[in-house]
file entry_37.txt (compact mmCIF, C-alpha atoms)
# COMPACT_ATOMS: atom_id res chain seq x y z
CA MET A 1 23.26 121.74 -153.33
CA GLY A 2 23.84 122.34 -149.66
CA VAL A 3 21.76 122.97 -146.57
CA ILE A 4 18.68 125.13 -147.24
CA LEU A 5 17.11 124.93 -143.76
CA GLN A 6 18.87 124.67 -140.40
CA ILE A 7 17.08 124.24 -137.07
CA GLU A 8 19.16 124.80 -133.93
CA ASN A 9 17.81 124.06 -130.43
CA ILE A 10 14.29 125.24 -131.25
CA SER A 11 11.84 125.29 -128.34
CA LYS A 12 8.36 126.77 -127.98
CA GLN A 13 6.70 127.40 -124.63
CA TYR A 14 3.05 128.30 -124.02
CA ARG A 15 1.15 129.28 -120.92
CA LEU A 16 -1.97 127.14 -120.71
CA GLY A 17 -5.20 129.01 -121.33
CA THR A 18 -3.64 132.47 -121.75
CA VAL A 19 -1.70 134.70 -124.10
CA GLY A 20 1.83 135.66 -123.03
CA THR A 21 2.65 134.84 -119.44
CA GLY A 22 -0.91 135.53 -118.40
CA SER A 23 -0.32 138.14 -115.72
CA LEU A 24 1.22 141.61 -115.41
CA ALA A 25 3.47 140.42 -112.59
CA HIS A 26 4.92 137.63 -114.75
CA ASP A 27 5.36 139.98 -117.72
CA LEU A 28 7.21 142.54 -115.57
CA ASN A 29 9.39 139.82 -114.08
CA ARG A 30 10.26 138.57 -117.57
CA TRP A 31 11.03 142.14 -118.76
CA TRP A 32 13.18 142.90 -115.70
CA HIS A 33 15.31 139.81 -116.30
CA THR A 34 15.68 140.75 -119.97
CA VAL A 35 16.89 144.33 -119.38
CA ARG A 36 19.46 143.04 -116.89
CA GLY A 37 20.73 140.55 -119.49
CA LYS A 38 19.57 137.52 -117.52
CA GLU A 39 17.77 134.41 -118.72
CA ASP A 40 13.98 134.38 -118.86
CA PRO A 41 12.97 132.79 -115.51
CA TYR A 42 10.01 130.98 -117.10
CA LEU A 43 12.26 128.94 -119.37
CA LYS A 44 13.26 126.87 -116.36
CA ILE A 45 9.77 125.59 -115.69
CA GLY A 46 7.09 123.82 -117.68
CA GLU A 47 6.01 120.32 -118.64
CA VAL A 48 6.43 118.21 -121.75
CA ASN A 49 3.56 118.40 -124.21
CA ASP A 50 1.58 115.28 -123.26
CA ARG A 51 -2.04 116.24 -123.93
CA GLY A 52 -3.33 113.05 -122.29
CA SER A 53 -1.94 113.83 -118.83
CA LYS A 54 -3.24 116.24 -116.22
CA ALA A 55 -1.35 119.52 -116.03
CA THR A 56 0.58 120.35 -112.85
CA SER A 57 2.18 123.52 -114.24
CA ASP A 58 0.81 126.59 -116.01
CA TYR A 59 3.51 126.28 -118.67
CA VAL A 60 3.94 123.64 -121.37
CA TRP A 61 6.70 123.02 -123.89
CA ALA A 62 5.00 122.43 -127.26
CA LEU A 63 8.51 121.84 -128.64
CA LYS A 64 11.76 121.27 -126.77
CA ASP A 65 15.34 121.32 -128.11
CA ILE A 66 14.65 120.39 -131.74
CA ASN A 67 17.68 120.13 -134.07
CA PHE A 68 17.89 119.06 -137.71
CA GLU A 69 19.02 120.18 -141.17
CA VAL A 70 17.30 119.91 -144.54
CA GLN A 71 19.20 119.69 -147.82
CA ALA A 72 18.02 121.56 -150.90
CA GLY A 73 15.75 119.33 -153.01
CA GLU A 74 14.96 117.02 -150.10
CA VAL A 75 11.43 115.92 -149.13
CA LEU A 76 11.33 115.66 -145.33
CA GLY A 77 8.41 113.90 -143.66
CA ILE A 78 7.38 114.99 -140.16
CA ILE A 79 5.25 112.41 -138.37
CA GLY A 80 3.83 111.93 -134.90
CA LYS A 81 0.49 111.65 -133.16
CA ASN A 82 -1.86 114.59 -132.62
CA GLY A 83 -0.31 117.01 -130.13
CA ALA A 84 3.27 115.86 -130.79
CA GLY A 85 4.29 119.33 -131.98
CA LYS A 86 4.22 118.92 -135.78
CA SER A 87 2.01 121.91 -136.57
CA THR A 88 3.83 124.08 -134.03
CA LEU A 89 7.12 123.27 -135.75
CA LEU A 90 5.73 124.20 -139.16
CA LYS A 91 4.33 127.47 -137.79
CA LEU A 92 7.78 128.35 -136.50
CA LEU A 93 9.37 127.52 -139.84
CA SER A 94 6.72 129.59 -141.64
CA ARG A 95 7.25 132.58 -139.32
CA VAL A 96 3.64 132.43 -138.14
CA THR A 97 4.98 132.50 -134.57
CA ALA A 98 8.43 132.94 -133.07
CA PRO A 99 10.39 130.32 -131.13
CA THR A 100 10.92 130.75 -127.41
CA THR A 101 14.54 129.67 -127.78
CA GLY A 102 16.76 128.61 -130.65
CA ALA A 103 17.41 129.77 -134.20
CA ILE A 104 16.01 129.02 -137.67
CA ARG A 105 18.22 129.68 -140.69
CA THR A 106 16.82 129.43 -144.22
CA ARG A 107 17.86 130.25 -147.76
CA GLY A 108 15.16 131.34 -150.18
CA ARG A 109 11.40 131.82 -150.11
CA ILE A 110 9.05 129.69 -148.02
CA ALA A 111 5.43 128.98 -149.07
CA SER A 112 3.17 127.45 -146.43
CA LEU A 113 -0.10 125.56 -146.51
CA LEU A 114 -0.81 124.97 -142.82
CA GLU A 115 -4.59 124.97 -142.73
CA VAL A 116 -7.54 125.62 -145.01
CA GLY A 117 -7.50 129.25 -146.13
CA THR A 118 -4.04 130.13 -144.83
CA GLY A 119 -3.08 133.52 -146.29
CA PHE A 120 -6.39 133.99 -148.10
CA HIS A 121 -8.69 136.98 -147.66
CA GLY A 122 -12.30 135.86 -147.69
CA GLU A 123 -13.61 139.02 -149.34
CA LEU A 124 -11.21 138.75 -152.28
CA THR A 125 -11.85 136.52 -155.26
CA GLY A 126 -9.76 133.46 -156.00
CA ARG A 127 -7.93 135.34 -158.75
CA GLU A 128 -7.18 138.29 -156.45
CA ASN A 129 -5.89 135.96 -153.76
CA ILE A 130 -3.49 134.36 -156.23
CA TYR A 131 -1.95 137.77 -156.95
CA MET A 132 -1.89 138.71 -153.26
CA ASN A 133 -0.12 135.48 -152.27
CA GLY A 134 2.36 135.88 -155.10
CA ALA A 135 3.16 139.41 -153.98
CA ILE A 136 3.72 138.17 -150.40
CA LEU A 137 6.21 135.65 -151.79
CA GLY A 138 8.04 138.50 -153.52
CA MET A 139 6.97 137.70 -157.07
CA THR A 140 6.33 140.35 -159.71
CA LYS A 141 2.99 140.68 -161.48
CA LYS A 142 4.62 139.43 -164.68
CA GLU A 143 5.82 136.26 -162.91
CA ILE A 144 2.35 135.63 -161.48
CA ASP A 145 0.73 136.26 -164.88
CA SER A 146 2.90 133.54 -166.41
CA LYS A 147 1.68 130.99 -163.81
CA LEU A 148 -1.96 132.09 -163.51
CA ASP A 149 -3.56 129.74 -166.07
CA GLU A 150 -1.57 126.78 -164.72
CA ILE A 151 -2.65 127.52 -161.13
CA ILE A 152 -6.34 127.85 -162.05
CA ALA A 153 -6.28 124.66 -164.12
CA PHE A 154 -4.58 122.67 -161.37
CA SER A 155 -7.09 123.84 -158.72
CA ASP A 156 -10.16 122.87 -160.82
CA CYS A 157 -11.80 126.09 -159.55
CA GLU A 158 -12.03 127.92 -162.88
CA ARG A 159 -15.81 128.40 -162.69
CA TYR A 160 -15.49 130.13 -159.30
CA ILE A 161 -12.15 131.91 -159.76
CA ASP A 162 -13.82 135.34 -159.76
CA THR A 163 -16.04 134.52 -156.75
CA PRO A 164 -15.04 135.65 -153.22
CA VAL A 165 -13.16 132.89 -151.43
CA LYS A 166 -15.51 133.12 -148.42
CA ARG A 167 -18.08 131.30 -150.58
CA TYR A 168 -15.73 128.40 -151.36
CA SER A 169 -16.10 125.02 -149.72
CA SER A 170 -13.18 123.79 -147.60
CA GLY A 171 -12.20 121.42 -150.42
CA MET A 172 -12.15 124.22 -153.01
CA THR A 173 -10.17 126.46 -150.69
CA VAL A 174 -7.48 123.88 -150.07
CA ARG A 175 -7.31 123.07 -153.79
CA LEU A 176 -6.66 126.70 -154.67
CA GLY A 177 -4.34 127.22 -151.70
CA PHE A 178 -2.17 124.25 -152.66
CA ALA A 179 -2.15 125.27 -156.32
CA VAL A 180 -0.91 128.76 -155.39
CA ALA A 181 1.73 127.48 -152.95
CA ALA A 182 3.03 124.83 -155.35
CA HIS A 183 3.15 126.90 -158.55
CA LEU A 184 4.59 130.22 -157.36
CA GLU A 185 8.05 128.66 -157.18
CA PRO A 186 8.98 128.78 -153.48
CA ASP A 187 12.36 127.39 -152.52
CA ILE A 188 10.74 125.57 -149.59
CA LEU A 189 7.14 124.29 -149.63
CA VAL A 190 5.62 123.55 -146.21
CA VAL A 191 2.51 121.35 -146.29
CA ASP A 192 0.52 120.30 -143.23
CA GLU A 193 -2.29 117.70 -143.04
CA VAL A 194 -4.62 119.98 -145.02
CA LEU A 195 -4.48 117.66 -148.04
CA ALA A 196 -6.79 115.33 -146.08
CA VAL A 197 -9.57 117.85 -146.81
CA GLY A 198 -9.37 117.14 -150.53
CA ASP A 199 -10.83 114.12 -152.30
CA ALA A 200 -8.76 111.11 -153.38
CA GLU A 201 -8.24 112.47 -156.91
CA PHE A 202 -6.86 115.77 -155.63
CA GLN A 203 -4.63 114.10 -153.05
CA LYS A 204 -3.09 111.97 -155.80
CA LYS A 205 -2.59 115.05 -157.98
CA ALA A 206 -1.07 117.02 -155.07
CA ILE A 207 1.39 114.26 -154.17
CA GLY A 208 2.40 114.00 -157.83
CA LYS A 209 3.00 117.75 -157.94
CA MET A 210 5.16 117.62 -154.80
CA GLN A 211 7.21 114.82 -156.39
CA ASP A 212 7.71 117.02 -159.44
CA ILE A 213 8.68 119.99 -157.25
CA SER A 214 11.38 118.03 -155.45
CA GLY A 215 12.49 115.85 -158.36
CA SER A 216 12.62 117.78 -161.61
CA GLU A 217 12.51 121.27 -160.09
CA GLY A 218 14.93 120.55 -157.23
CA ARG A 219 12.97 122.39 -154.55
CA THR A 220 12.50 121.40 -150.91
CA VAL A 221 9.29 120.07 -149.33
CA LEU A 222 8.39 119.63 -145.65
CA PHE A 223 5.41 117.28 -145.44
CA VAL A 224 3.29 116.47 -142.37
CA SER A 225 0.80 113.62 -142.63
CA HIS A 226 -0.77 110.75 -140.70
CA ASN A 227 -0.98 108.81 -143.97
CA MET A 228 2.07 106.56 -143.86
CA ALA A 229 1.57 105.48 -147.49
CA ALA A 230 1.86 109.10 -148.62
CA VAL A 231 4.92 109.66 -146.44
CA LYS A 232 6.60 106.54 -147.81
CA SER A 233 5.86 107.34 -151.46
CA LEU A 234 6.83 111.01 -151.25
CA CYS A 235 9.53 111.54 -148.62
CA THR A 236 13.24 110.84 -148.82
CA ARG A 237 13.77 111.14 -145.06
CA ALA A 238 11.61 111.62 -141.98
CA ILE A 239 11.67 112.73 -138.36
CA VAL A 240 9.34 111.51 -135.60
CA LEU A 241 8.07 113.88 -132.92
CA GLU A 242 6.81 112.65 -129.55
CA ASN A 243 5.51 114.98 -126.84
CA GLY A 244 7.31 117.96 -128.38
CA ARG A 245 10.69 116.24 -128.74
CA LYS A 246 12.41 114.60 -131.69
CA SER A 247 12.47 110.88 -130.98
CA PHE A 248 13.88 109.70 -134.33
CA GLU A 249 15.50 110.99 -137.51
CA GLY A 250 16.46 108.82 -140.45
CA ASN A 251 15.22 106.94 -143.51
CA VAL A 252 11.47 106.73 -144.09
CA ASP A 253 10.97 103.00 -143.42
CA SER A 254 12.80 103.20 -140.09
CA ALA A 255 10.89 106.38 -139.15
CA ILE A 256 7.53 104.70 -139.82
CA SER A 257 8.55 101.66 -137.77
CA ASN A 258 9.71 103.93 -134.94
CA TYR A 259 6.44 105.89 -135.10
CA LEU A 260 4.38 102.70 -134.88
CA LYS A 261 6.46 101.29 -132.01
CA ILE A 262 5.54 104.33 -129.92
CA TYR A 263 1.90 103.25 -130.08
CA ASN A 264 2.17 99.47 -130.18
CA VAL A 265 1.98 99.49 -126.39
CA SER A 266 -1.34 101.32 -126.65
CA ASN A 267 -3.47 98.25 -127.27
CA LYS A 268 -5.60 99.54 -124.37
CA VAL A 269 -7.33 102.88 -123.96
CA SER A 270 -9.60 104.28 -121.22
CA PHE A 271 -12.13 107.10 -121.16
CA SER A 272 -13.76 108.69 -118.12
CA ASN A 273 -16.64 110.72 -119.54
CA LYS A 274 -17.72 108.63 -122.51
CA PRO A 275 -19.98 105.58 -122.94
CA LEU A 276 -17.05 103.29 -123.72
CA LYS A 277 -14.95 103.17 -120.57
CA ASN A 278 -12.21 100.74 -121.52
CA ILE A 279 -11.24 99.22 -124.86
CA CYS A 280 -8.49 96.74 -125.63
CA ILE A 281 -7.38 94.67 -128.61
CA ASN A 282 -5.23 91.54 -128.50
CA GLN A 283 -4.16 88.57 -130.59
CA ASP A 284 -5.42 85.19 -129.35
CA LYS A 285 -3.68 82.54 -131.44
CA ASN A 286 -5.09 83.09 -134.94
CA ASN A 287 -7.85 85.44 -133.81
CA ILE A 288 -8.07 89.12 -132.92
CA VAL A 289 -10.13 90.00 -129.85
CA ILE A 290 -11.64 93.45 -129.29
CA ALA A 291 -13.19 93.93 -125.85
CA ALA A 292 -14.86 96.99 -124.34
CA GLU A 293 -16.77 98.08 -121.23
CA TYR A 294 -19.63 100.51 -121.67
CA GLU A 295 -22.11 102.48 -119.58
CA VAL A 296 -25.02 104.61 -120.81
CA TYR A 297 -27.80 106.47 -119.01
CA GLN A 298 -30.61 104.58 -120.72
CA ASP A 299 -31.23 101.11 -121.99
CA LEU A 300 -29.24 100.66 -125.18
CA ASP A 301 -31.16 98.52 -127.65
CA LEU A 302 -29.00 96.38 -129.90
CA PRO A 303 -25.57 97.59 -128.73
CA ASN A 304 -23.24 97.87 -131.68
CA LEU A 305 -19.43 97.85 -131.57
CA GLY A 306 -18.05 98.52 -135.05
CA PHE A 307 -14.39 98.51 -136.05
CA ILE A 308 -12.01 99.26 -138.92
CA ILE A 309 -8.46 97.92 -138.86
CA TYR A 310 -5.66 99.75 -140.72
CA ASN A 311 -2.23 98.54 -141.79
CA GLU A 312 0.99 100.43 -141.05
CA PHE A 313 0.50 102.69 -144.07
CA GLY A 314 -2.95 103.84 -142.98
CA HIS A 315 -4.88 101.68 -145.45
CA PRO A 316 -8.06 100.02 -144.08
CA VAL A 317 -7.81 96.24 -144.40
CA LEU A 318 -10.75 94.88 -142.37
CA GLY A 319 -14.03 96.19 -141.00
CA GLY A 320 -17.36 95.10 -139.61
CA ASN A 321 -20.10 95.51 -137.03
CA PRO A 322 -22.99 93.36 -135.73
CA VAL A 323 -25.59 95.05 -137.95
CA ILE A 324 -23.62 94.40 -141.16
CA LEU A 325 -22.87 90.86 -140.05
CA LYS A 326 -26.51 90.35 -138.96
CA SER A 327 -25.36 88.78 -135.73
CA SER A 328 -28.13 86.83 -134.02
CA ILE A 329 -26.81 87.74 -130.59
CA LEU A 330 -28.22 91.23 -131.08
CA LYS A 331 -31.79 90.03 -130.79
CA ASN A 332 -33.71 91.22 -127.73
CA LYS A 333 -30.66 92.72 -126.08
CA SER A 334 -31.01 95.91 -124.04
CA PHE A 335 -28.44 97.13 -121.52
CA LYS A 336 -27.40 100.24 -119.63
CA ARG A 337 -23.96 98.87 -118.87
CA GLY A 338 -21.90 95.81 -119.53
CA LYS A 339 -19.13 94.35 -121.63
CA ILE A 340 -19.02 93.70 -125.33
CA LYS A 341 -16.49 91.49 -127.11
CA ALA A 342 -15.76 90.76 -130.74
CA VAL A 343 -13.62 87.78 -131.71
CA ILE A 344 -12.39 88.18 -135.30
CA GLU A 345 -11.68 84.66 -136.48
CA ASN A 346 -8.69 84.08 -138.76
CA PRO A 347 -8.50 87.72 -139.90
CA ARG A 348 -6.05 86.92 -142.73
CA LEU A 349 -3.61 89.68 -141.85
CA LYS A 350 0.15 89.49 -142.30
CA ASP A 351 2.45 89.89 -139.33
CA GLY A 352 3.07 93.56 -138.64
CA ALA A 353 1.79 96.70 -136.96
CA TYR A 354 -1.86 97.78 -137.18
CA SER A 355 -4.25 100.35 -135.74
CA ALA A 356 -7.99 100.23 -135.14
CA SER A 357 -10.82 102.75 -135.09
CA ILE A 358 -13.86 101.93 -132.94
CA TRP A 359 -17.50 102.98 -133.27
CA PHE A 360 -20.11 102.42 -130.56
CA GLY A 361 -23.87 102.95 -130.61
CA ASN A 362 -26.99 101.29 -131.97
CA SER A 363 -29.05 101.39 -135.15
CA LYS A 364 -30.49 104.79 -134.18
CA LYS A 365 -27.66 106.73 -132.59
CA ASN A 366 -23.90 107.10 -132.74
CA PHE A 367 -22.75 107.31 -129.10
CA GLN A 368 -19.01 107.37 -129.62
CA GLU A 369 -16.35 107.21 -132.33
CA GLU A 370 -12.64 106.86 -131.62
CA ARG A 371 -10.29 107.10 -134.60
CA ASP A 372 -6.96 105.26 -134.47
CA CYS A 373 -7.40 104.73 -130.74
CA LEU A 374 -5.77 101.28 -130.61
CA TYR A 375 -2.35 100.18 -131.85
CA PHE A 376 -1.31 96.54 -131.87
CA GLU A 377 1.05 94.08 -133.50
CA ILE A 378 0.26 90.72 -135.10
CA LYS A 379 2.88 88.01 -134.67
CA ASN A 380 3.19 84.37 -135.70
CA MET A 381 -0.07 84.08 -137.62
CA VAL A 382 -0.48 80.82 -139.55
CA GLU A 383 0.99 80.86 -143.03
CA LEU A 384 -1.47 82.56 -145.39
CA LYS A 385 -2.16 81.66 -148.98
CA TYR A 386 -3.46 85.18 -149.38
CA ALA A 387 -3.81 88.16 -147.07
CA TYR A 388 -5.84 91.34 -147.07
CA THR A 389 -3.76 94.35 -148.07
CA SER A 390 -6.58 96.83 -148.70
CA PHE A 391 -10.24 97.14 -147.80
CA THR A 392 -12.66 96.70 -150.71
CA GLY A 393 -15.85 96.37 -148.67
CA SER A 394 -15.97 92.62 -149.19
CA GLN A 395 -13.41 91.86 -146.49
CA ILE A 396 -15.96 91.36 -143.73
CA PRO A 397 -14.46 88.71 -141.46
CA SER A 398 -16.15 86.01 -139.45
CA VAL A 399 -16.83 87.53 -136.03
CA LYS A 400 -18.26 86.10 -132.83
CA TRP A 401 -19.94 88.65 -130.59
CA ASP A 402 -20.52 88.34 -126.86
CA PHE A 403 -22.43 90.72 -124.58
CA LEU A 404 -21.68 90.12 -120.91
call {"tool": "encode", "arguments": {"input": "entry_37.txt", "output": "structure tokens"}}
result
Amino acid sequence: MGVILQIENISKQYRLGTVGTGSLAHDLNRWWHTVRGKEDPYLKIGEVNDRGSKATSDYVWALKDINFEVQAGEVLGIIGKNGAGKSTLLKLLSRVTAPTTGAIRTRGRIASLLEVGTGFHGELTGRENIYMNGAILGMTKKEIDSKLDEIIAFSDCERYIDTPVKRYSSGMTVRLGFAVAAHLEPDILVVDEVLAVGDAEFQKKAIGKMQDISGSEGRTVLFVSHNMAAVKSLCTRAIVLENGRKSFEGNVDSAISNYLKIYNVSNKVSFSNKPLKNICINQDKNNIVIAAEYEVYQDLDLPNLGFIIYNEFGHPVLGGNPVILKSSILKNKSFKRGKIKAVIENPRLKDGAYSASIWFGNSKKNFQEERDCLYFEIKNMVELKYAYTSFTGSQIPSVKWDFL
């Protein structure tokens, strides 16, 4: 069927905190180089897009020298951590913004769902927005009429279809937005992480629809998600972005492994202006040890370090905290600062890559929550007769807690 999308040396540069170059002098300098046929002088400077490091330049490359091709009917997954450049890439492909350098070549119509409410007018009803989006895609009224009932039924918004969209919840908006984008027959469907806004039933329905679009209808899908299970079930190929650059391109299993390897070294994380200062997670023989240092401005009664551990596909497999486990060590404890450690005994997890989300506080207040802040790998666990593969609520492990 041939190449439907070609990306050649795409880069996108931003000036931190400003629009354009940020000053008249810089704008004039850029214009003067352009009229003389010379290269933009600001393309030679700038840093990679590492949001965790301190900036030493006013310019940052959100994307740098990205190249790839997409075949018609292919489902391409785009994965990477927050700030890697995924959404910027999709905005370039959707013509929301223009690249600083490089070229994008496409065949056919592109429909985008980049964030809740993309392309919707809040004052128009759901029905009116369907017709407006169809017209933007170049469809005739007759074509939209033929799809209207199917779109409304898929979105489950029939009761509110003649209500202004500004009164919709975020979940309703994304339902209708996806229904419009998926049913108005674009050649390329671009979907960002917005499906996370919907409930589990809608996510399952949306993934099924995207499989139909690519399979039976032969159209192309670009799919961004942090849910590795969705990427694996839906995509035929994937690329991994890291700090604005493409670090891997290939089959989905290899892409997921590559993505996880980037973060496996991050079994430690530090914060400067939060109660939890340092957190780390390690394997100690057949146990998992989570340790953290904390500091608060008042005595913290019953300090509580909760955790959820996820497998490589983003499914939670273990979770717990001292309150749920009714740990006796919590009694009569009150600290402003100290160390807290949880030893998860025989966690019954298979060898492989995992991530952990951490919650810190007490029974009255949530002081801090860090999602997917730790990445680690389990190796050489004892042979298991059974292992946890999903979290049902009953998988609360045996944990020893220490407050130092």
call {"tool": "residues_around", "arguments": {"input": "entry_37.txt", "residues": "Ile378 of chain A", "least_positions_apart": "2", "cutoff": "10 Å", "atoms": "only C-alpha atoms", "output": "PyMOL selection string"}}
result
chain A and resi 282-288+349-354+376+380-381
call {"tool": "closest_residue", "arguments": {"input": "entry_37.txt", "among": "A:Ala292, A:Val70, A:Ile358, A:Leu76", "to": "Asn321 of chain A", "atoms": "all atoms listed in the file"}}
result
A:Ile358
call {"tool": "residues_around", "arguments": {"input": "entry_37.txt", "residues": "Ala98 of chain A", "least_positions_apart": "5", "cutoff": "10 Å", "atoms": "all atoms listed in the file", "output": "list in words"}}
result
Ile10, Ser11, Lys12, Lys91, Leu92, Leu93, Ala103 and Ile104 of chain A
call {"tool": "atom_distance", "arguments": {"input": "entry_37.txt", "atom1": "atom CA of Leu114 of chain A", "atom2": "atom CA of Pro164 of chain A"}}
result
20.6 Å
call {"tool": "atom_distance", "arguments": {"input": "entry_37.txt", "atom1": "atom CA of Thr220 of chain A", "atom2": "atom CA of Thr125 of chain A"}}
result
29.0 Å
call {"tool": "closest_residue", "arguments": {"input": "entry_37.txt", "among": "A:Val240, A:Ile308, A:Val231, A:Phe178", "to": "Glu370 of chain A", "atoms": "all atoms listed in the file"}}
result
A:Ile308
call {"tool": "residues_around", "arguments": {"input": "entry_37.txt", "residues": "Lys86 of chain A", "least_positions_apart": "6", "cutoff": "10 Å", "atoms": "only C-alpha atoms", "output": "list in words"}}
result
Ala62, Leu63, Ile78, Ile79, Gly80, Asp192, Glu193, Phe223, Val224, Ser225, Val240, Leu241, Glu242, Asn243, Gly244 and Arg245 of chain A
call {"tool": "closest_residue", "arguments": {"input": "entry_37.txt", "among": "A:Arg127, A:Lys365, A:Lys277, A:Arg237", "to": "Gln71 of chain A", "atoms": "all atoms listed in the file"}}
result
A:Arg237
call {"tool": "residues_around", "arguments": {"input": "entry_37.txt", "residues": "Phe248 of chain A", "least_positions_apart": "3", "cutoff": "9 Å", "atoms": "all atoms listed in the file", "output": "ChimeraX atom specification"}}
result
/A:238-241,254-255,258-259
call {"tool": "atom_distance", "arguments": {"input": "entry_37.txt", "atom1": "atom CA of Lys232 of chain A", "atom2": "atom CA of Val75 of chain A"}}
result
10.6 Å
call {"tool": "closest_residue", "arguments": {"input": "entry_37.txt", "among": "A:Asn304, A:Asn9, A:Thr97, A:Ser355", "to": "Ile281 of chain A", "atoms": "only C-alpha atoms"}}
result
A:Ser355
call {"tool": "residues_near_point", "arguments": {"input": "entry_37.txt", "point": "(18.8, 130.8, -148.0)", "cutoff": "9 Å", "atoms": "only C-alpha atoms", "output": "list in words"}}
result
Val3, Ile4, Leu5, Arg105, Thr106, Arg107, Gly108, Arg109 and Asp187 of chain A
call {"tool": "residues_around", "arguments": {"input": "entry_37.txt", "residues": "Ser214 of chain A", "least_positions_apart": "4", "cutoff": "7 Å", "atoms": "all atoms listed in the file", "output": "PyMOL selection string"}}
result
chain A and resi 73-75+210+218-221
call {"tool": "write_last_selection", "arguments": {"input": "entry_37.txt", "atoms": "C-alpha atoms", "output": "PDB file, keeping the file's coordinate frame"}}
result
ATOM      1  CA  GLY A  73      15.750 119.330-153.010  1.00  0.00           C
ATOM      2  CA  GLU A  74      14.960 117.020-150.100  1.00  0.00           C
ATOM      3  CA  VAL A  75      11.430 115.920-149.130  1.00  0.00           C
ATOM      4  CA  MET A 210       5.160 117.620-154.800  1.00  0.00           C
ATOM      5  CA  GLY A 218      14.930 120.550-157.230  1.00  0.00           C
ATOM      6  CA  ARG A 219      12.970 122.390-154.550  1.00  0.00           C
ATOM      7  CA  THR A 220      12.500 121.400-150.910  1.00  0.00           C
ATOM      8  CA  VAL A 221       9.290 120.070-149.330  1.00  0.00           C
TER       9      VAL A 221
END
call {"tool": "closest_residue", "arguments": {"input": "entry_37.txt", "among": "A:Glu201, A:Glu123, A:Glu295, A:Glu185", "to": "Ile151 of chain A", "atoms": "only C-alpha atoms"}}
result
A:Glu185
